[in-house]
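See below for run.txt, which holds compact mmCIF, C-alpha atoms and all ligand atoms.
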```
# COMPACT_ATOMS: atom_id res chain seq x y z
CA MET O 20 -89.19 37.81 -80.17
CA LYS O 21 -86.26 35.40 -80.55
CA PHE O 22 -86.61 31.69 -81.04
CA ARG O 23 -83.79 29.97 -79.18
CA PRO O 24 -83.33 26.24 -78.67
CA SER O 25 -84.47 25.19 -75.25
CA LYS O 26 -81.52 24.36 -73.03
CA LYS O 27 -83.44 21.91 -70.91
CA ILE O 28 -84.11 19.36 -73.62
CA THR O 29 -81.96 16.23 -73.67
CA THR O 30 -82.23 12.87 -75.46
CA PHE O 31 -85.56 11.19 -74.87
CA TYR O 32 -85.34 7.82 -73.16
CA PRO O 33 -88.76 6.29 -72.64
CA PRO O 34 -89.21 4.05 -69.60
CA GLN O 35 -89.44 0.30 -70.14
CA ARG O 36 -93.14 -0.42 -69.74
CA THR O 37 -95.15 -3.60 -70.01
CA LEU O 38 -97.96 -2.84 -72.43
CA MET O 39 -101.21 -4.61 -71.60
CA GLY O 40 -103.68 -2.14 -72.99
CA PRO O 41 -105.58 -2.04 -76.28
CA GLY O 42 -102.38 -1.35 -78.27
CA PRO O 43 -99.60 -0.61 -78.83
CA SER O 44 -98.31 -3.93 -77.57
CA ASP O 45 -94.82 -4.84 -76.41
CA ILE O 46 -92.27 -5.07 -79.19
CA HIS O 47 -89.78 -7.91 -79.39
CA PRO O 48 -86.09 -6.89 -79.36
CA ARG O 49 -85.69 -8.47 -82.80
CA VAL O 50 -88.28 -6.04 -84.17
CA LEU O 51 -86.83 -3.06 -82.30
CA SER O 52 -83.37 -3.80 -83.64
CA ALA O 53 -84.74 -4.01 -87.20
CA LEU O 54 -85.90 -0.40 -86.77
CA SER O 55 -82.36 0.82 -86.21
CA ARG O 56 -80.81 -0.70 -89.35
CA PRO O 57 -79.42 1.63 -92.04
CA THR O 58 -81.99 3.55 -94.00
CA ILE O 59 -81.80 2.86 -97.72
CA GLY O 60 -83.72 4.26 -100.66
CA TYR O 61 -87.30 3.16 -101.13
CA LEU O 62 -86.46 2.12 -104.71
CA ASP O 63 -83.16 0.43 -103.85
CA PRO O 64 -83.27 -3.04 -105.47
CA VAL O 65 -82.54 -4.64 -102.09
CA PHE O 66 -85.45 -2.76 -100.55
CA VAL O 67 -87.74 -3.72 -103.39
CA GLU O 68 -86.94 -7.39 -102.75
CA MET O 69 -87.80 -6.91 -99.10
CA MET O 70 -91.14 -5.35 -100.13
CA GLU O 71 -92.04 -8.51 -102.05
CA GLU O 72 -91.26 -10.66 -99.00
CA LEU O 73 -93.34 -8.34 -96.87
CA LYS O 74 -96.29 -8.68 -99.22
CA SER O 75 -96.03 -12.44 -99.26
CA MET O 76 -95.84 -12.67 -95.46
CA LEU O 77 -98.86 -10.37 -95.18
CA ARG O 78 -100.77 -12.70 -97.51
CA TYR O 79 -100.00 -15.51 -95.09
CA ALA O 80 -101.16 -13.45 -92.10
CA PHE O 81 -104.39 -12.48 -93.87
CA GLN O 82 -104.75 -15.98 -95.39
CA THR O 83 -105.22 -14.62 -98.88
CA ALA O 84 -103.79 -14.88 -102.37
CA ASN O 85 -104.77 -11.27 -103.18
CA PRO O 86 -101.89 -9.74 -105.15
CA LEU O 87 -102.80 -6.33 -103.75
CA THR O 88 -101.80 -6.93 -100.14
CA PHE O 89 -99.39 -4.40 -98.66
CA PRO O 90 -98.77 -2.09 -95.69
CA VAL O 91 -100.22 1.40 -96.02
CA SER O 92 -97.99 4.16 -94.62
CA GLY O 93 -100.13 5.28 -91.72
CA PRO O 94 -101.92 3.92 -88.67
CA GLY O 95 -104.95 1.64 -88.76
CA SER O 96 -107.21 4.65 -89.21
CA VAL O 97 -105.55 5.33 -92.56
CA GLY O 98 -106.18 1.73 -93.62
CA MET O 99 -109.83 2.22 -92.70
CA GLU O 100 -110.05 5.46 -94.64
CA MET O 101 -108.24 3.92 -97.61
CA CYS O 102 -111.02 1.34 -97.99
CA PHE O 103 -113.80 3.90 -97.81
CA VAL O 104 -112.33 6.60 -100.03
CA ASN O 105 -111.63 4.11 -102.80
CA MET O 106 -114.78 2.04 -102.59
CA VAL O 107 -117.49 4.57 -101.78
CA ASN O 108 -118.76 6.88 -104.53
CA PRO O 109 -120.95 9.87 -103.73
CA GLY O 110 -124.51 8.65 -103.20
CA ASP O 111 -123.55 5.01 -102.54
CA LYS O 112 -125.51 3.33 -99.80
CA VAL O 113 -123.26 1.65 -97.25
CA ILE O 114 -124.49 -0.56 -94.42
CA VAL O 115 -122.32 -0.03 -91.34
CA CYS O 116 -122.64 -2.36 -88.37
CA ARG O 117 -121.86 -0.47 -85.18
CA ASN O 118 -121.27 -2.16 -81.83
CA GLY O 119 -118.47 0.03 -80.49
CA VAL O 120 -116.20 2.99 -81.15
CA PHE O 121 -114.68 1.81 -84.41
CA GLY O 122 -117.97 1.07 -86.15
CA GLY O 123 -118.83 4.70 -85.34
CA ARG O 124 -115.73 5.85 -87.17
CA MET O 125 -116.76 3.86 -90.22
CA ILE O 126 -120.00 5.87 -90.36
CA GLU O 127 -117.94 9.09 -90.26
CA ASN O 128 -115.92 7.78 -93.18
CA VAL O 129 -118.99 6.98 -95.27
CA GLU O 130 -120.37 10.48 -94.64
CA ARG O 131 -117.11 12.14 -95.58
CA CYS O 132 -117.09 10.21 -98.87
CA GLN O 133 -120.61 11.55 -99.46
CA GLY O 134 -122.01 8.06 -99.20
CA VAL O 135 -125.29 7.29 -97.48
CA PRO O 136 -124.73 5.27 -94.30
CA VAL O 137 -127.40 2.88 -93.04
CA VAL O 138 -126.54 1.87 -89.51
CA VAL O 139 -127.14 -1.55 -87.94
CA ASP O 140 -126.74 -0.87 -84.24
CA ASP O 141 -125.97 -3.46 -81.61
CA ALA O 142 -125.34 -2.85 -77.93
CA TRP O 143 -121.71 -2.25 -76.99
CA GLY O 144 -120.25 -5.53 -75.79
CA THR O 145 -122.45 -7.71 -77.99
CA PRO O 146 -121.46 -9.04 -81.41
CA VAL O 147 -123.05 -7.75 -84.61
CA ASP O 148 -126.39 -9.56 -85.00
CA PRO O 149 -126.44 -11.34 -88.40
CA GLN O 150 -130.25 -11.34 -88.44
CA LYS O 151 -130.34 -7.54 -88.12
CA LEU O 152 -127.91 -7.24 -91.01
CA GLU O 153 -130.04 -9.57 -93.10
CA ASP O 154 -133.22 -7.60 -92.29
CA THR O 155 -131.53 -4.29 -93.12
CA LEU O 156 -130.25 -5.62 -96.44
CA LYS O 157 -133.77 -6.75 -97.34
CA LYS O 158 -135.02 -3.21 -96.71
CA HIS O 159 -132.16 -1.55 -98.60
CA ARG O 160 -131.81 -3.51 -101.80
CA ASP O 161 -129.73 -0.72 -103.37
CA ALA O 162 -126.95 -1.03 -100.76
CA LYS O 163 -123.49 -1.51 -102.28
CA ILE O 164 -121.21 -2.21 -99.33
CA VAL O 165 -121.39 -3.77 -95.88
CA ALA O 166 -118.74 -2.66 -93.36
CA PHE O 167 -118.11 -4.01 -89.88
CA VAL O 168 -115.42 -4.53 -87.26
CA GLN O 169 -114.44 -8.14 -86.65
CA ALA O 170 -112.74 -7.52 -83.30
CA GLU O 171 -114.14 -4.44 -81.49
CA THR O 172 -111.24 -3.30 -79.34
CA SER O 173 -113.40 -0.84 -77.43
CA THR O 174 -115.44 -3.67 -75.89
CA GLY O 175 -113.51 -6.90 -76.49
CA VAL O 176 -116.20 -8.53 -78.60
CA MET O 177 -115.74 -10.75 -81.65
CA SER O 178 -118.31 -10.74 -84.41
CA ASP O 179 -118.85 -13.66 -86.76
CA ALA O 180 -117.08 -12.28 -89.83
CA ARG O 181 -117.63 -15.38 -91.94
CA THR O 182 -121.43 -15.25 -91.51
CA LEU O 183 -121.66 -11.47 -91.98
CA VAL O 184 -119.66 -11.62 -95.22
CA GLU O 185 -121.80 -14.49 -96.47
CA ILE O 186 -125.00 -12.50 -95.84
CA ALA O 187 -123.56 -9.39 -97.50
CA HIS O 188 -122.61 -11.36 -100.61
CA ARG O 189 -126.02 -13.02 -100.80
CA HIS O 190 -127.38 -9.47 -101.12
CA HIS O 191 -124.79 -8.51 -103.73
CA CYS O 192 -122.78 -6.22 -101.45
CA LEU O 193 -119.03 -5.91 -101.15
CA THR O 194 -117.49 -6.07 -97.69
CA ILE O 195 -115.04 -3.95 -95.71
CA VAL O 196 -113.76 -5.75 -92.62
CA ASP O 197 -111.78 -4.08 -89.83
CA ALA O 198 -109.28 -6.67 -88.64
CA VAL O 199 -107.06 -4.24 -86.75
CA THR O 200 -107.11 -6.21 -83.51
CA SER O 201 -107.83 -9.66 -84.94
CA LEU O 202 -104.91 -10.05 -87.37
CA GLY O 203 -102.38 -12.43 -85.81
CA GLY O 204 -104.40 -12.91 -82.61
CA ALA O 205 -107.54 -14.75 -83.67
CA PRO O 206 -108.75 -16.61 -86.76
CA LEU O 207 -109.13 -14.41 -89.84
CA LYS O 208 -109.42 -16.10 -93.24
CA VAL O 209 -109.80 -13.51 -95.94
CA ASP O 210 -110.06 -15.86 -98.92
CA GLU O 211 -112.02 -18.67 -97.28
CA TRP O 212 -114.58 -16.16 -96.01
CA GLY O 213 -114.55 -14.11 -99.21
CA VAL O 214 -113.71 -10.79 -97.53
CA ASP O 215 -113.36 -8.10 -100.24
CA ALA O 216 -111.36 -5.42 -98.42
CA CYS O 217 -109.64 -5.84 -95.08
CA TYR O 218 -107.25 -3.68 -93.08
CA SER O 219 -105.27 -3.99 -89.88
CA ALA O 220 -102.56 -2.15 -87.94
CA SER O 221 -98.96 -2.90 -87.04
CA GLN O 222 -99.14 -2.23 -83.29
CA LYS O 223 -101.73 -4.70 -82.08
CA CYS O 224 -101.27 -8.48 -82.45
CA LEU O 225 -98.38 -8.04 -84.90
CA SER O 226 -96.42 -6.29 -82.14
CA CYS O 227 -94.62 -3.89 -84.40
CA ALA O 228 -94.08 -0.14 -84.07
CA PRO O 229 -97.26 1.89 -84.67
CA GLY O 230 -97.74 3.67 -87.97
CA LEU O 231 -98.36 0.99 -90.58
CA SER O 232 -101.63 -0.49 -91.75
CA PRO O 233 -101.54 -3.83 -93.53
CA ILE O 234 -104.32 -3.97 -96.07
CA THR O 235 -105.64 -6.42 -98.65
CA PHE O 236 -108.00 -5.90 -101.59
CA SER O 237 -109.57 -8.57 -103.77
CA GLU O 238 -109.23 -8.32 -107.54
CA ARG O 239 -112.89 -7.32 -107.64
CA ILE O 240 -112.11 -4.17 -105.69
CA VAL O 241 -109.09 -3.33 -107.80
CA ASP O 242 -111.24 -3.61 -110.96
CA MET O 243 -114.00 -1.56 -109.37
CA VAL O 244 -111.61 1.23 -108.36
CA LYS O 245 -110.05 1.26 -111.83
CA LYS O 246 -113.52 1.77 -113.32
CA ARG O 247 -114.41 4.68 -111.04
CA LYS O 248 -115.67 7.65 -113.00
CA GLU O 249 -115.07 10.16 -110.26
CA LYS O 250 -111.53 10.72 -108.98
CA VAL O 251 -110.82 9.39 -105.50
CA HIS O 252 -111.00 12.43 -103.22
CA SER O 253 -107.74 11.66 -101.47
CA TRP O 254 -104.57 11.87 -103.51
CA PHE O 255 -102.45 10.01 -100.98
CA MET O 256 -104.86 7.12 -100.58
CA ASP O 257 -105.86 6.70 -104.22
CA LEU O 258 -105.34 3.01 -104.85
CA GLY O 259 -104.74 3.55 -108.56
CA LEU O 260 -101.76 5.82 -107.81
CA LEU O 261 -100.39 3.68 -104.99
CA LEU O 262 -100.34 0.67 -107.30
CA GLY O 263 -97.44 2.37 -109.05
CA TYR O 264 -95.34 1.74 -105.95
CA TRP O 265 -96.80 -1.34 -104.26
CA GLY O 266 -98.29 -3.05 -107.33
CA ASN O 267 -96.75 -5.97 -109.18
CA THR O 268 -95.33 -4.37 -112.27
CA THR O 269 -93.94 -0.91 -111.73
CA ARG O 270 -91.95 0.66 -108.94
CA THR O 271 -92.14 4.40 -109.16
CA TYR O 272 -92.13 7.15 -106.60
CA HIS O 273 -95.45 7.76 -104.92
CA HIS O 274 -94.40 8.88 -101.45
CA THR O 275 -91.28 8.19 -99.41
CA ALA O 276 -91.99 4.83 -97.83
CA PRO O 277 -91.18 4.61 -94.09
CA THR O 278 -88.29 2.26 -94.77
CA ASN O 279 -87.21 1.49 -91.20
CA SER O 280 -90.75 0.85 -90.02
CA LEU O 281 -91.12 -1.54 -92.92
CA TYR O 282 -87.99 -3.45 -91.84
CA ALA O 283 -89.65 -3.80 -88.46
CA LEU O 284 -92.89 -5.07 -89.93
CA HIS O 285 -90.90 -7.54 -92.03
CA GLU O 286 -89.28 -8.86 -88.86
CA SER O 287 -92.52 -9.10 -86.90
CA LEU O 288 -94.21 -10.97 -89.77
CA LEU O 289 -91.22 -13.26 -90.01
CA MET O 290 -91.63 -14.05 -86.32
CA LEU O 291 -95.33 -14.73 -86.84
CA GLN O 292 -94.45 -17.07 -89.70
CA GLU O 293 -91.83 -18.85 -87.58
CA GLU O 294 -94.32 -19.38 -84.80
CA GLY O 295 -97.16 -20.31 -87.17
CA LEU O 296 -100.48 -18.54 -87.39
CA GLU O 297 -102.48 -21.30 -85.69
CA ALA O 298 -99.93 -21.50 -82.90
CA ALA O 299 -100.19 -17.73 -82.38
CA TRP O 300 -104.00 -17.96 -82.18
CA ALA O 301 -103.69 -20.83 -79.67
CA ARG O 302 -101.20 -18.85 -77.58
CA HIS O 303 -103.68 -15.96 -77.31
CA GLN O 304 -106.40 -18.40 -76.18
CA ARG O 305 -104.19 -20.04 -73.62
CA ASN O 306 -103.06 -16.79 -72.01
CA TYR O 307 -106.58 -15.38 -72.12
CA LYS O 308 -107.88 -18.35 -70.14
CA ALA O 309 -105.26 -17.83 -67.46
CA LEU O 310 -105.82 -14.07 -67.31
CA LYS O 311 -109.58 -14.60 -67.06
CA ALA O 312 -109.22 -17.15 -64.25
CA GLY O 313 -107.06 -14.68 -62.34
CA LEU O 314 -109.21 -11.59 -62.97
CA GLU O 315 -112.33 -13.41 -61.81
CA THR O 316 -110.78 -14.04 -58.39
CA PHE O 317 -110.98 -10.26 -57.82
CA GLY O 318 -114.70 -10.37 -58.53
CA LEU O 319 -114.17 -8.64 -61.88
CA ARG O 320 -116.96 -9.29 -64.37
CA PHE O 321 -116.44 -9.32 -68.12
CA LEU O 322 -118.39 -6.95 -70.33
CA VAL O 323 -118.77 -9.58 -73.04
CA GLU O 324 -120.42 -13.00 -72.85
CA GLU O 325 -117.88 -15.80 -72.82
CA LYS O 326 -118.64 -17.21 -76.28
CA SER O 327 -118.03 -13.88 -78.07
CA ARG O 328 -114.92 -12.72 -76.24
CA LEU O 329 -111.72 -11.74 -77.94
CA PRO O 330 -108.81 -13.63 -76.42
CA GLN O 331 -106.47 -10.70 -77.00
CA MET O 332 -108.61 -7.95 -75.42
CA SER O 333 -110.66 -8.29 -72.25
CA ALA O 334 -112.91 -5.51 -70.98
CA VAL O 335 -114.05 -5.92 -67.38
CA HIS O 336 -116.36 -3.74 -65.30
CA VAL O 337 -114.57 -1.51 -62.81
CA LEU O 338 -115.02 -2.74 -59.23
CA PRO O 339 -117.73 -0.74 -57.48
CA GLY O 340 -116.37 2.04 -55.27
CA VAL O 341 -112.86 1.82 -56.72
CA ASP O 342 -111.22 4.83 -58.38
CA GLU O 343 -110.52 3.33 -61.80
CA LYS O 344 -108.04 6.01 -62.84
CA GLU O 345 -106.05 5.63 -59.65
CA VAL O 346 -105.71 1.89 -60.25
CA ARG O 347 -104.23 2.55 -63.67
CA ARG O 348 -102.01 5.29 -62.32
CA ARG O 349 -100.59 3.02 -59.64
CA LEU O 350 -100.07 0.10 -62.00
CA LEU O 351 -98.04 2.40 -64.23
CA HIS O 352 -96.16 4.02 -61.38
CA ASP O 353 -95.42 0.94 -59.28
CA TYR O 354 -95.08 -1.71 -61.98
CA ASP O 355 -94.50 0.16 -65.25
CA LEU O 356 -97.60 -1.70 -66.37
CA GLU O 357 -100.07 -0.10 -68.72
CA ILE O 358 -103.65 -1.29 -69.00
CA GLY O 359 -106.40 0.44 -70.95
CA ALA O 360 -109.29 2.66 -69.88
CA GLY O 361 -112.80 2.61 -71.31
CA LEU O 362 -113.47 4.42 -74.60
CA GLY O 363 -116.51 6.48 -75.54
CA ASP O 364 -119.61 5.40 -73.61
CA LEU O 365 -117.50 3.03 -71.54
CA ALA O 366 -115.08 5.70 -70.27
CA GLY O 367 -114.69 5.32 -66.51
CA LYS O 368 -116.71 2.12 -66.52
CA VAL O 369 -114.31 -0.58 -67.69
CA TRP O 370 -110.67 -1.57 -67.65
CA ARG O 371 -109.25 -3.12 -70.77
CA PHE O 372 -106.58 -5.78 -70.53
CA GLY O 373 -104.79 -6.46 -73.77
CA ILE O 374 -102.60 -9.48 -74.37
CA MET O 375 -101.62 -8.83 -77.95
CA GLY O 376 -98.74 -10.36 -79.87
CA TYR O 377 -95.50 -10.25 -77.90
CA SER O 378 -97.42 -8.96 -74.86
CA CYS O 379 -99.28 -12.26 -74.83
CA LYS O 380 -97.12 -14.35 -72.55
CA MET O 381 -97.25 -16.03 -69.18
CA GLU O 382 -94.87 -13.62 -67.47
CA ASN O 383 -97.10 -10.67 -68.40
CA VAL O 384 -100.27 -12.39 -67.24
CA MET O 385 -98.66 -13.28 -63.91
CA LEU O 386 -97.15 -9.81 -63.47
CA CYS O 387 -100.49 -8.20 -64.22
CA LEU O 388 -102.37 -10.33 -61.69
CA CYS O 389 -99.77 -9.79 -58.98
CA ALA O 390 -99.69 -6.04 -59.67
CA LEU O 391 -103.45 -5.75 -59.59
CA GLU O 392 -103.54 -7.69 -56.34
CA THR O 393 -101.21 -5.36 -54.51
CA VAL O 394 -102.65 -2.18 -56.02
CA LEU O 395 -106.22 -3.15 -55.14
CA ALA O 396 -105.13 -4.19 -51.64
CA ASP O 397 -103.38 -0.83 -51.20
CA MET O 398 -106.59 0.88 -52.16
CA GLY O 399 -108.58 -0.94 -49.53
CA VAL O 400 -110.12 -3.72 -51.60
CA LYS O 401 -110.22 -7.06 -49.79
CA VAL O 402 -108.06 -9.48 -51.76
CA GLU O 403 -106.87 -12.95 -51.02
CA PHE O 404 -103.16 -12.88 -51.81
CA GLY O 405 -102.10 -15.63 -54.17
CA ALA O 406 -105.61 -16.55 -55.30
CA ALA O 407 -105.31 -14.92 -58.72
CA GLU O 408 -101.89 -16.42 -59.45
CA SER O 409 -103.09 -19.80 -58.30
CA ALA O 410 -106.17 -19.66 -60.55
CA ALA O 411 -104.02 -18.60 -63.50
CA TYR O 412 -101.50 -21.31 -62.78
CA HIS O 413 -104.21 -23.97 -62.81
CA ALA O 414 -105.57 -22.63 -66.09
CA TYR O 415 -102.10 -22.89 -67.61
CA ALA O 416 -101.59 -26.37 -66.19
CA ALA O 417 -104.91 -27.54 -67.64
CA ASN O 418 -103.88 -26.32 -71.07
CA PRO O 419 -100.17 -27.03 -71.46
CA SER O 420 -98.23 -25.16 -74.11
CA PRO O 421 -97.14 -27.44 -76.95
CA LEU O 422 -93.95 -25.48 -77.43
CA ARG O 423 -92.57 -22.26 -76.04
CA SER O 424 -92.99 -20.02 -79.04
CA PRO O 425 -89.91 -18.26 -80.42
CA ARG O 426 -91.68 -14.91 -80.03
CA VAL O 427 -91.92 -15.59 -76.32
CA ALA O 428 -88.81 -17.64 -75.69
CA ALA O 429 -86.34 -15.11 -76.99
CA GLY O 430 -87.74 -12.36 -74.78
C1 LIG Q 501 -106.78 0.50 -82.94
C2 LIG Q 501 -107.93 0.29 -83.84
C3 LIG Q 501 -108.15 1.09 -84.97
C4 LIG Q 501 -107.34 2.30 -85.30
O1 LIG Q 501 -105.99 2.02 -85.46
P1 LIG Q 501 -104.93 3.22 -85.27
O2 LIG Q 501 -103.64 2.55 -85.58
O3 LIG Q 501 -105.07 3.67 -83.86
O4 LIG Q 501 -105.29 4.29 -86.21
C5 LIG Q 501 -109.22 0.77 -85.81
N1 LIG Q 501 -110.03 -0.26 -85.53
C6 LIG Q 501 -109.85 -1.04 -84.45
C7 LIG Q 501 -110.79 -2.19 -84.21
C8 LIG Q 501 -108.81 -0.78 -83.57
O5 LIG Q 501 -108.63 -1.55 -82.50
```
Written as structure tokens, that's how I'd like the structure from this file.
Ligand SMILES: *Cc1c(COP(=O)(O)O)cnc(C)c1O
Amino acid sequence: MKFRPSKKITTFYPPQRTLMGPGPSDIHPRVLSALSRPTIGYLDPVFVEMMEELKSMLRYAFQTANPLTFPVSGPGSVGMEMCFVNMVNPGDKVIVCRNGVFGGRMIENVERCQGVPVVVDDAWGTPVDPQKLEDTLKKHRDAKIVAFVQAETSTGVMSDARTLVEIAHRHHCLTIVDAVTSLGGAPLKVDEWGVDACYSASQKCLSCAPGLSPITFSERIVDMVKKRKEKVHSWFMDLGLLLGYWGNTTRTYHHTAPTNSLYALHESLLMLQEEGLEAAWARHQRNYKALKAGLETFGLRFLVEEKSRLPQMSAVHVLPGVDEKEVRRRLLHDYDLEIGAGLGDLAGKVWRFGIMGYSCKMENVMLCLCALETVLADMGVKVEFGAAESAAYHAYAANPSPLRSPRVAAG
């Protein structure tokens, strides 16, 4: 058998889509152009300077002074795993709050670190119940860690991270908080809330290319990991070894950093800084309100109660009798518009509309409503043309934008 290059393959040019699913989100041209700059060495003094800026901008995004704040080379799942492999010793009891897909993955992580997970379950679409956490901690006084997801992307629900961290600390537990979808899109205050370990991902509200996971560890965690008796089971994710590259003193080879992706993250964080964190949170709220007003005109009902909804991710029940897959297929085909399907138990039951980062803008909300209108009409659903746009318009008018943000204006 001979292995010959295939003659049919040519350069890959992806179509220009509008990304309104659960991530990745649209990427600003400034960030895309950063990706194509010359690759330099990961120990080049110029690169090392850029790393320091990156770390400081991540501290701003996370609202923390933690020296150990840096992007892990890998998607959000690697950030998640990094927290567990370093913090969980065999036999450690870890309370995991599960109210969606990602809490379930945390349990998997605890088991694979040979920890003992104790699960606090809440229905999908509801926030983590602080009382249940408190009750569980009273029953398990030997628990060491509490882990939960602040913004459950699978359902669009926000849990009260501040309260959950406060309860965990009252019971002498450290906390691991998944802020993959919250970072840059909704309030997250690592230091003010006392979060011990927190991770995110580049492709959600930071609107950067996928493949990086911003992470921050308090000094308490760094000390704890240094004192570990047993070696961390992952070589790549061992915090002690990674400190040699991302730490404050030394800069030695650990792995080849994804230099170009890091330029892109630098640019996207710079844009977040230019806009201002509070302004970015407000922009997500404003566009959410307009999207919601429009979606409701189709009779779409939200999975999550209004007070616990994420602005950046809305899950709505599929309209009865409508082929949910076909709606998504037509949106993609006719409008190059991607929305998300349901995950896990919600597969086939919900649509997920993401307005994350650079995707979170008026033109996307209006496009999405118009596209949905025509696609649903084509599929035989009775729609009143113009009603969704009108509702969204009035929501925007009732909540005027203080300033067109640079992230939006330059697009
Ligand atoms: C997307 C997501 C992850 C996983 O991130 P990847 O980059 O896909 O590995 C983890 N947690 C939450 C809440 C997410 O939304």
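Here the question is which of O:Ala411, O:Val400, O:Val199, O:Ala366 gets nearest to Lys311 in chain O using all atoms listed in the file, and that residue is O:Ala411.
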(request) Show which residues sit within 10 Å of Asn108 in chain O, as a list in words. Count only C-alpha atoms, and ignore same-chain residues fewer than 6 positions away. (result) Val129, Cys132, Gln133, Gly134, Val135, Lys163, Val244, Arg247, Lys248, Glu249, Lys250, Val251 and His252 of chain O
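Of the residues listed (O:Leu391, O:Leu329, O:Val168, O:Met385), O:Val168 shows the shortest atom-to-atom separation from Ile126 in chain O; distances use all atoms listed in the file.
CA of Val65 in chain O is positioned 21.9 Å from CA of Ala228 in chain O.
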(request) Between CA of Val341 in chain O and atom C7 of ligand LIG 501 (chain Q), measure the distance and give it in Å to one decimal. (result) 27.9 Å
(message) Please report the interatomic distance between CA of Pro48 in chain O and CA of Val67 in chain O in Å with one decimal.
(response) 24.3 Å
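Of the listed residues (O:Ala406, O:Leu183, O:Val107, O:Val196), O:Val196 comes nearest to ligand LIG 501 (chain Q); the distances count all atoms listed in the file.
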Nearby residues (only C-alpha atoms) at most 10 Å from range 77-91 of chain O, same-chain spacing under 5 positions excluded, as a PDB file with C-alpha atoms, in the coordinates of the input:
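Okay, this is what ended up in selection-v2.pdb:
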```pdb
ATOM      1  CA  MET O  70     -91.140  -5.350-100.130  1.00  0.00           C
ATOM      2  CA  GLU O  71     -92.040  -8.510-102.050  1.00  0.00           C
ATOM      3  CA  GLU O  72     -91.260 -10.660 -99.000  1.00  0.00           C
ATOM      4  CA  VAL O  97    -105.550   5.330 -92.560  1.00  0.00           C
ATOM      5  CA  GLY O  98    -106.180   1.730 -93.620  1.00  0.00           C
ATOM      6  CA  MET O 101    -108.240   3.920 -97.610  1.00  0.00           C
ATOM      7  CA  ALA O 198    -109.280  -6.670 -88.640  1.00  0.00           C
ATOM      8  CA  SER O 201    -107.830  -9.660 -84.940  1.00  0.00           C
ATOM      9  CA  LEU O 202    -104.910 -10.050 -87.370  1.00  0.00           C
ATOM     10  CA  GLY O 203    -102.380 -12.430 -85.810  1.00  0.00           C
ATOM     11  CA  PRO O 206    -108.750 -16.610 -86.760  1.00  0.00           C
ATOM     12  CA  LEU O 207    -109.130 -14.410 -89.840  1.00  0.00           C
ATOM     13  CA  LYS O 208    -109.420 -16.100 -93.240  1.00  0.00           C
ATOM     14  CA  VAL O 209    -109.800 -13.510 -95.940  1.00  0.00           C
ATOM     15  CA  ASP O 210    -110.060 -15.860 -98.920  1.00  0.00           C
ATOM     16  CA  GLU O 211    -112.020 -18.670 -97.280  1.00  0.00           C
ATOM     17  CA  TRP O 212    -114.580 -16.160 -96.010  1.00  0.00           C
ATOM     18  CA  GLY O 213    -114.550 -14.110 -99.210  1.00  0.00           C
ATOM     19  CA  VAL O 214    -113.710 -10.790 -97.530  1.00  0.00           C
ATOM     20  CA  ASP O 215    -113.360  -8.100-100.240  1.00  0.00           C
ATOM     21  CA  ALA O 216    -111.360  -5.420 -98.420  1.00  0.00           C
ATOM     22  CA  CYS O 217    -109.640  -5.840 -95.080  1.00  0.00           C
ATOM     23  CA  TYR O 218    -107.250  -3.680 -93.080  1.00  0.00           C
ATOM     24  CA  SER O 219    -105.270  -3.990 -89.880  1.00  0.00           C
ATOM     25  CA  ALA O 220    -102.560  -2.150 -87.940  1.00  0.00           C
ATOM     26  CA  SER O 221     -98.960  -2.900 -87.040  1.00  0.00           C
ATOM     27  CA  LEU O 225     -98.380  -8.040 -84.900  1.00  0.00           C
ATOM     28  CA  GLY O 230     -97.740   3.670 -87.970  1.00  0.00           C
ATOM     29  CA  LEU O 231     -98.360   0.990 -90.580  1.00  0.00           C
ATOM     30  CA  SER O 232    -101.630  -0.490 -91.750  1.00  0.00           C
ATOM     31  CA  PRO O 233    -101.540  -3.830 -93.530  1.00  0.00           C
ATOM     32  CA  ILE O 234    -104.320  -3.970 -96.070  1.00  0.00           C
ATOM     33  CA  THR O 235    -105.640  -6.420 -98.650  1.00  0.00           C
ATOM     34  CA  PHE O 236    -108.000  -5.900-101.590  1.00  0.00           C
ATOM     35  CA  SER O 237    -109.570  -8.570-103.770  1.00  0.00           C
ATOM     36  CA  GLU O 238    -109.230  -8.320-107.540  1.00  0.00           C
ATOM     37  CA  ILE O 240    -112.110  -4.170-105.690  1.00  0.00           C
ATOM     38  CA  VAL O 241    -109.090  -3.330-107.800  1.00  0.00           C
ATOM     39  CA  MET O 256    -104.860   7.120-100.580  1.00  0.00           C
ATOM     40  CA  LEU O 258    -105.340   3.010-104.850  1.00  0.00           C
ATOM     41  CA  LEU O 261    -100.390   3.680-104.990  1.00  0.00           C
ATOM     42  CA  LEU O 262    -100.340   0.670-107.300  1.00  0.00           C
ATOM     43  CA  TRP O 265     -96.800  -1.340-104.260  1.00  0.00           C
ATOM     44  CA  GLY O 266     -98.290  -3.050-107.330  1.00  0.00           C
ATOM     45  CA  ASN O 267     -96.750  -5.970-109.180  1.00  0.00           C
ATOM     46  CA  ALA O 276     -91.990   4.830 -97.830  1.00  0.00           C
ATOM     47  CA  PRO O 277     -91.180   4.610 -94.090  1.00  0.00           C
ATOM     48  CA  LEU O 281     -91.120  -1.540 -92.920  1.00  0.00           C
ATOM     49  CA  LEU O 284     -92.890  -5.070 -89.930  1.00  0.00           C
ATOM     50  CA  HIS O 285     -90.900  -7.540 -92.030  1.00  0.00           C
ATOM     51  CA  LEU O 288     -94.210 -10.970 -89.770  1.00  0.00           C
ATOM     52  CA  LEU O 289     -91.220 -13.260 -90.010  1.00  0.00           C
ATOM     53  CA  LEU O 291     -95.330 -14.730 -86.840  1.00  0.00           C
ATOM     54  CA  GLN O 292     -94.450 -17.070 -89.700  1.00  0.00           C
ATOM     55  CA  GLY O 295     -97.160 -20.310 -87.170  1.00  0.00           C
ATOM     56  CA  LEU O 296    -100.480 -18.540 -87.390  1.00  0.00           C
TER      57      LEU O 296
END
```
